Structure formats: structure tokens, C-alpha cells
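Structure record follows, encoded as C-alpha cells.
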Amino acid sequence: MSRIPQALDELMWLLADQESPEAIDSFIQRYPHLRREMTRRALAVKDLRQSRPQEDRIPVPAFRKPTSGPLPAPLKSFRLQTASLFVGAAGLVFAAFVAVRIGLAPAEPASESAAAVLGSPESAPMPAPMGTPMTKNSADLAQADRTGNAKAEPEAATAPAEGATPSPMDARSPENPAKNLDLRTARKVTIRMEQADLEDAVRLVCASAGLEAQIAPGMPQFKINLEYRETPALEILREMGANFGFSVFEQGQGVVLIVPAVDSRFDP
Amino acid sequence: MVSRILNESARSPYDADLMLVDRFLAGDESAFTRIYEDYYPRVFALARGILIDSDETEDAVQEVFTQIYRNLVRFDRRSKLSTWIFRITVNRTIQYGRTLKFKRRQVELEQAAHQAAPDAALSIADPRIASAMRKLVASDRAVLTLYYWQELSLAEIGQSLGCNENAAKTRLFRARDRFKKLYEAELG
């Protein structure tokens, strides 16, 4: 037998419950193929109803009073205590949630602005990049290519001279928190270049991470070799900046500002 | 006009029940005896529908009324007294049926069912209906009994079973369908 549509199924039970012969006949005339099913349902309901024990003939025995009396009424204060307990627990859960959220949020940048750092010759030198290239260090390769310049200490390039551009690590501005949340700068990039212009290399690293590079005029001009694997783009740029004499600033909205900050020791 | 309203409210079983509850809570034990006498047949019929076997029903009903007696002070009046009582009856009787299963083997139960039946009024009139009902699970029997024997509305059934009206409707629909199949099998 094919499945009865739900609406008809419900209607059939409704008619069976009502036990109205006229309504059932009318239904059967309209849906003759459901005659058997309708009749069966009507019969089942009718027989079930008729099997009901006759309540008026049920003898009522004397109530055997339980040995223990009625329970005491619940105190209103108890309800209040329960309610306040729930409210307190909810508050604790919320506080814990807020604490966890604050704990997970990225660390706020130092309160001093980039401008303050700009003019402070005593400011600490930029820390070394957190990641390291997987293979040959591009700095060593680049230094070998540099024209007639003595070997420059990578750390020296990071220490800004008076009036020089700020260190990239200080570039995060508390006024623009959106900058700090741009995930594109953290996107890991694998890149390999040989004998490429520094500016082209910077642009390629940025492009690989979906960043827009805004390069200020005066970038050093030399050929470099690069090889990084699965390293965050910003980390690559900062390491390149430390080695080749430029500073990196996150501008937010996927824009990175590259400013040449060439230490006197980098000048040919 | 006022007397008519008072008379109507006095006739209303809902208000009469509440007055009995108030009297009992005030210390009038006879008020509970009245509740017991009023509800015993309906509670018995409901318990019979769930347990099917007659000789255990009386004990179950006594347990139900013991529960009602002890907990009446906690009746919060958000529903009718009748649905509150039916809810206790359904829960307690299903629980009683479960413990009964462990006490006796099914064979013994069936023998008792056939041998007992001391009074036709206390039994389910049609043995084929009784047999089909016995094959259903207790919760299906409860919903069928509440609907067809106690003639409660779906909302009241929901309150008695601790669910909403829609859930009660769904449970009734499924229980009815299962019952029909089992009953047809009984009919051959």
C-alpha cells in the first residue's frame, strides 16, 4: 500500500476520533481507495474507547494514610536563594568568559607613539626577527653582492640614528587597532629569488601575502638572493629591512609602508 | 448576579478542587478524603490503561495517592489539579511498571492477567484491545489512555506528560498508529 499523505492521514484519524458515520461515508466517497484503511481506523478507535473500564463501577477503597505526613511547604526564601544562586553563577560564568577573552586578545602596543620612538636615540634596537629562513640566509648572500661595501652588521641597520625612521616593531599605533588585527601580514609565504632587485623582492613578498607595498623613494639598489619557506610575510620584510636598510610599517587595510632608513654604515 | 457567579464557581470542579486543596493545607484531612474519592476512579482507570494487569493497579494507585498526599503542599496551581494528579499518576505508574518487571517474570504476569479479572468493570473490556495495549510501551499506553479514556485535550495531555501540546500531538499520532497495527494483528 502506498504511503498516505500526511494531511489525509491526520484527517482520517480526526474522522475516526469523531466517530461520525456521515463524515466517514463522505470521506470514503471522496477517497474510495482509502475505504479499508478508514474503516480499520474507525474500528480501532471505537473498540479502544469501548474498552475503557467503567469508572462508576470501580470501588473506592478507604485511603490508607501514609505513616509519614505531608511534606513541608517549600519556603519562598529558599526559592529566592536558588534564584540568587543562579544569578551569581551566571555572573561568574560571564566574568570568566570576559577574562578569557581579554587574555586571548592580542597584546596592546606600548603606549608611546611611533613619533616618540622616532626621536629617541636611546630607544632599544629592534629585536631580531622571530622566524628564521629555512635555508641560506638571504642577508649573507646580499652582503656578498653589495658593491664594495664592508660587511655590515645586520643589527647595525636596525638601530635608527637620530632623525631616522622608527623601528618597525614600534610602528603599531594604538590609535588604529585595526592595523594590529590585519592577518595578511601574518600570512606565511614561500619565496625564492636569485639576483633580484631589492625593491622587486619586497614587492613580490608583499604580493605573495596579498599586501600592497608602498615604497618610499630612496630604496637601496642592489641585487639580492632570497629563500624563505612558510614564513610570515611581515617577518620576512622586517628581516630584509634589518639586513638591507629599510623600515617596515603596517598601515592597516593590507598596506605596508617601506621606508628606506639607511644607516650611515650602509652608505657606499 | 453575584449569587449566580458564586453558584457557578462553586459548581466548577476547578474551583472546588482548589477549595479542597486549601482546606487540606489548612489542616482539614477530610478535604483530602474528598479529593481521593473524587479522583480514585479516574486515576485507577488511567493506571489500568498503563499497567493493564488488574491486581497490580490497586497498589500502584495507592502509591499515587500517597505521593499526592505528601506533595499536595507543593501543588503550584499553574495547572488544573486534575492534570497535576494525572501527571503524578503517569510518572508513578510507569515507574511502578518498571519495578514490577524486575519483580516478576513476564510469564507470571500474563498468567495473573488471565486468572485474575475478578470484576469485568475493573478490566479492559475487549481482550484483544488489552493484548494490543500490552504490547505497546508504557508511554504509548499512557497517551492513548489520557486521550481516549480520560478524554483530555492535547494541552492537558501535554501537561500530564510534561511536554508541550505539539509534542503531545506527535506522541498521540505515533502511539495511535502503533496501536492500530497491533490491534489489526490481534484481529487477524
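Following the order of the C-alpha cells, first chain is A, next is B, and so on, with residues numbered from 1 inside each chain and ligands from 1 in the order they appear.
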Could you give me, as JSON lines, a per-residue list for chain B showing, wherever an atom lies at most 8 Å from an atom of chain A, the closest pair of atoms and their distance in Å to one decimal, using only C-alpha atoms and sorting by chain then residue number from low to high?
```
{"residue": "B:Thr33", "atom": "CA", "partner": "A:Phe63", "partner_atom": "CA", "distance": 7.1}
{"residue": "B:Tyr36", "atom": "CA", "partner": "A:Phe63", "partner_atom": "CA", "distance": 7.3}
{"residue": "B:Glu37", "atom": "CA", "partner": "A:Val60", "partner_atom": "CA", "distance": 6.6}
{"residue": "B:Tyr40", "atom": "CA", "partner": "A:Val60", "partner_atom": "CA", "distance": 6.5}
{"residue": "B:Pro41", "atom": "CA", "partner": "A:Glu55", "partner_atom": "CA", "distance": 5.1}
{"residue": "B:Arg42", "atom": "CA", "partner": "A:Glu55", "partner_atom": "CA", "distance": 6.6}
{"residue": "B:Ala45", "atom": "CA", "partner": "A:Pro53", "partner_atom": "CA", "distance": 6.1}
{"residue": "B:Gln62", "atom": "CA", "partner": "A:Arg64", "partner_atom": "CA", "distance": 7.6}
{"residue": "B:Thr66", "atom": "CA", "partner": "A:Pro66", "partner_atom": "CA", "distance": 6.2}
{"residue": "B:Tyr69", "atom": "CA", "partner": "A:Pro70", "partner_atom": "CA", "distance": 6.1}
{"residue": "B:Arg70", "atom": "CA", "partner": "A:Pro70", "partner_atom": "CA", "distance": 3.8}
{"residue": "B:Asn71", "atom": "CA", "partner": "A:Leu71", "partner_atom": "CA", "distance": 6.0}
{"residue": "B:Leu72", "atom": "CA", "partner": "A:Pro70", "partner_atom": "CA", "distance": 7.5}
{"residue": "B:Val73", "atom": "CA", "partner": "A:Ala73", "partner_atom": "CA", "distance": 5.5}
{"residue": "B:Arg74", "atom": "CA", "partner": "A:Ala73", "partner_atom": "CA", "distance": 6.2}
{"residue": "B:Ala121", "atom": "CA", "partner": "A:Gln54", "partner_atom": "CA", "distance": 5.2}
{"residue": "B:Leu122", "atom": "CA", "partner": "A:Pro53", "partner_atom": "CA", "distance": 5.6}
{"residue": "B:Ser123", "atom": "CA", "partner": "A:Pro53", "partner_atom": "CA", "distance": 5.9}
{"residue": "B:Ile124", "atom": "CA", "partner": "A:Ser51", "partner_atom": "CA", "distance": 5.1}
{"residue": "B:Ala125", "atom": "CA", "partner": "A:Ser51", "partner_atom": "CA", "distance": 4.5}
{"residue": "B:Asp126", "atom": "CA", "partner": "A:Ser51", "partner_atom": "CA", "distance": 5.6}
{"residue": "B:Ile129", "atom": "CA", "partner": "A:Leu48", "partner_atom": "CA", "distance": 6.4}
{"residue": "B:Tyr148", "atom": "CA", "partner": "A:Arg49", "partner_atom": "CA", "distance": 5.8}
{"residue": "B:Trp149", "atom": "CA", "partner": "A:Arg52", "partner_atom": "CA", "distance": 5.8}
{"residue": "B:Lys180", "atom": "CA", "partner": "A:Ala44", "partner_atom": "CA", "distance": 6.1}
{"residue": "B:Tyr183", "atom": "CA", "partner": "A:Ala44", "partner_atom": "CA", "distance": 7.0}
{"residue": "B:Glu184", "atom": "CA", "partner": "A:Arg40", "partner_atom": "CA", "distance": 7.9}
```
task = Tell me, as JSON, numbers by chain, which residues lie within 12 Å of Leu237 of chain A, counting only C-alpha atoms; anything in the same chain fewer than 2 positions away does not count.
result = {"A": [129, 130, 131, 132, 133, 138, 139, 168, 169, 185, 186, 188, 189, 191, 198, 199, 201, 202, 203, 204, 205, 206, 207, 208, 209, 211, 213, 226, 228, 231, 232, 233, 234, 235, 239, 240, 241, 242, 243, 244, 245, 246, 247, 248, 249, 250, 256, 257, 258, 259]}
task = Pick out the residues sitting within 12 Å of Phe173 of chain B, and hand them over as a list in words; count only C-alpha atoms, and ignore anything fewer than 4 positions along from it in its own chain.
result =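 Result of the neighbour search: Gln6, Asp9, Glu10, Leu11, Met12, Trp13, Leu14 and Asp17 of chain A; Asp140, Val143, Leu144, Tyr147, Leu154, Asn166, Ala167, Ala168, Lys169, Asp177, Arg178, Phe179 and Lys180 of chain B.
Put simply, atom CA of Val137 of chain B is 17.1 Å away from atom CA of Arg87 of chain B.
Ranking B:Glu151, B:Glu186, B:Glu165, B:Glu56 by their shortest atom-to-atom distance to Arg128 of chain B, with only C-alpha atoms included, puts B:Glu186 first.
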request  = Name the closest residue to Gly162 of chain B among the candidates B:Gln67, B:Thr83, B:Leu187, B:Ile35; distances are taken between atoms, counting only C-alpha atoms.
outcome  =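 Ranked by minimum distance to Gly162 of chain B, first place goes to B:Thr83.
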query = Which one of B:Phe65, B:Gln150, B:Arg77, B:Leu46 sits closest to Met19 of chain B if you count only C-alpha atoms?
reply =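 Selected residue with least distance to Met19 of chain B: B:Arg77.
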ask   = atom CA of Arg34 of chain B and atom CA of Glu58 of chain B are how many Å apart?
value = 18.2 Å
query = When you draw a straight line from atom CA of Thr190 of chain A to atom CA of Glu230 of chain A, how long is it in Å?
reply = 5.0 Å
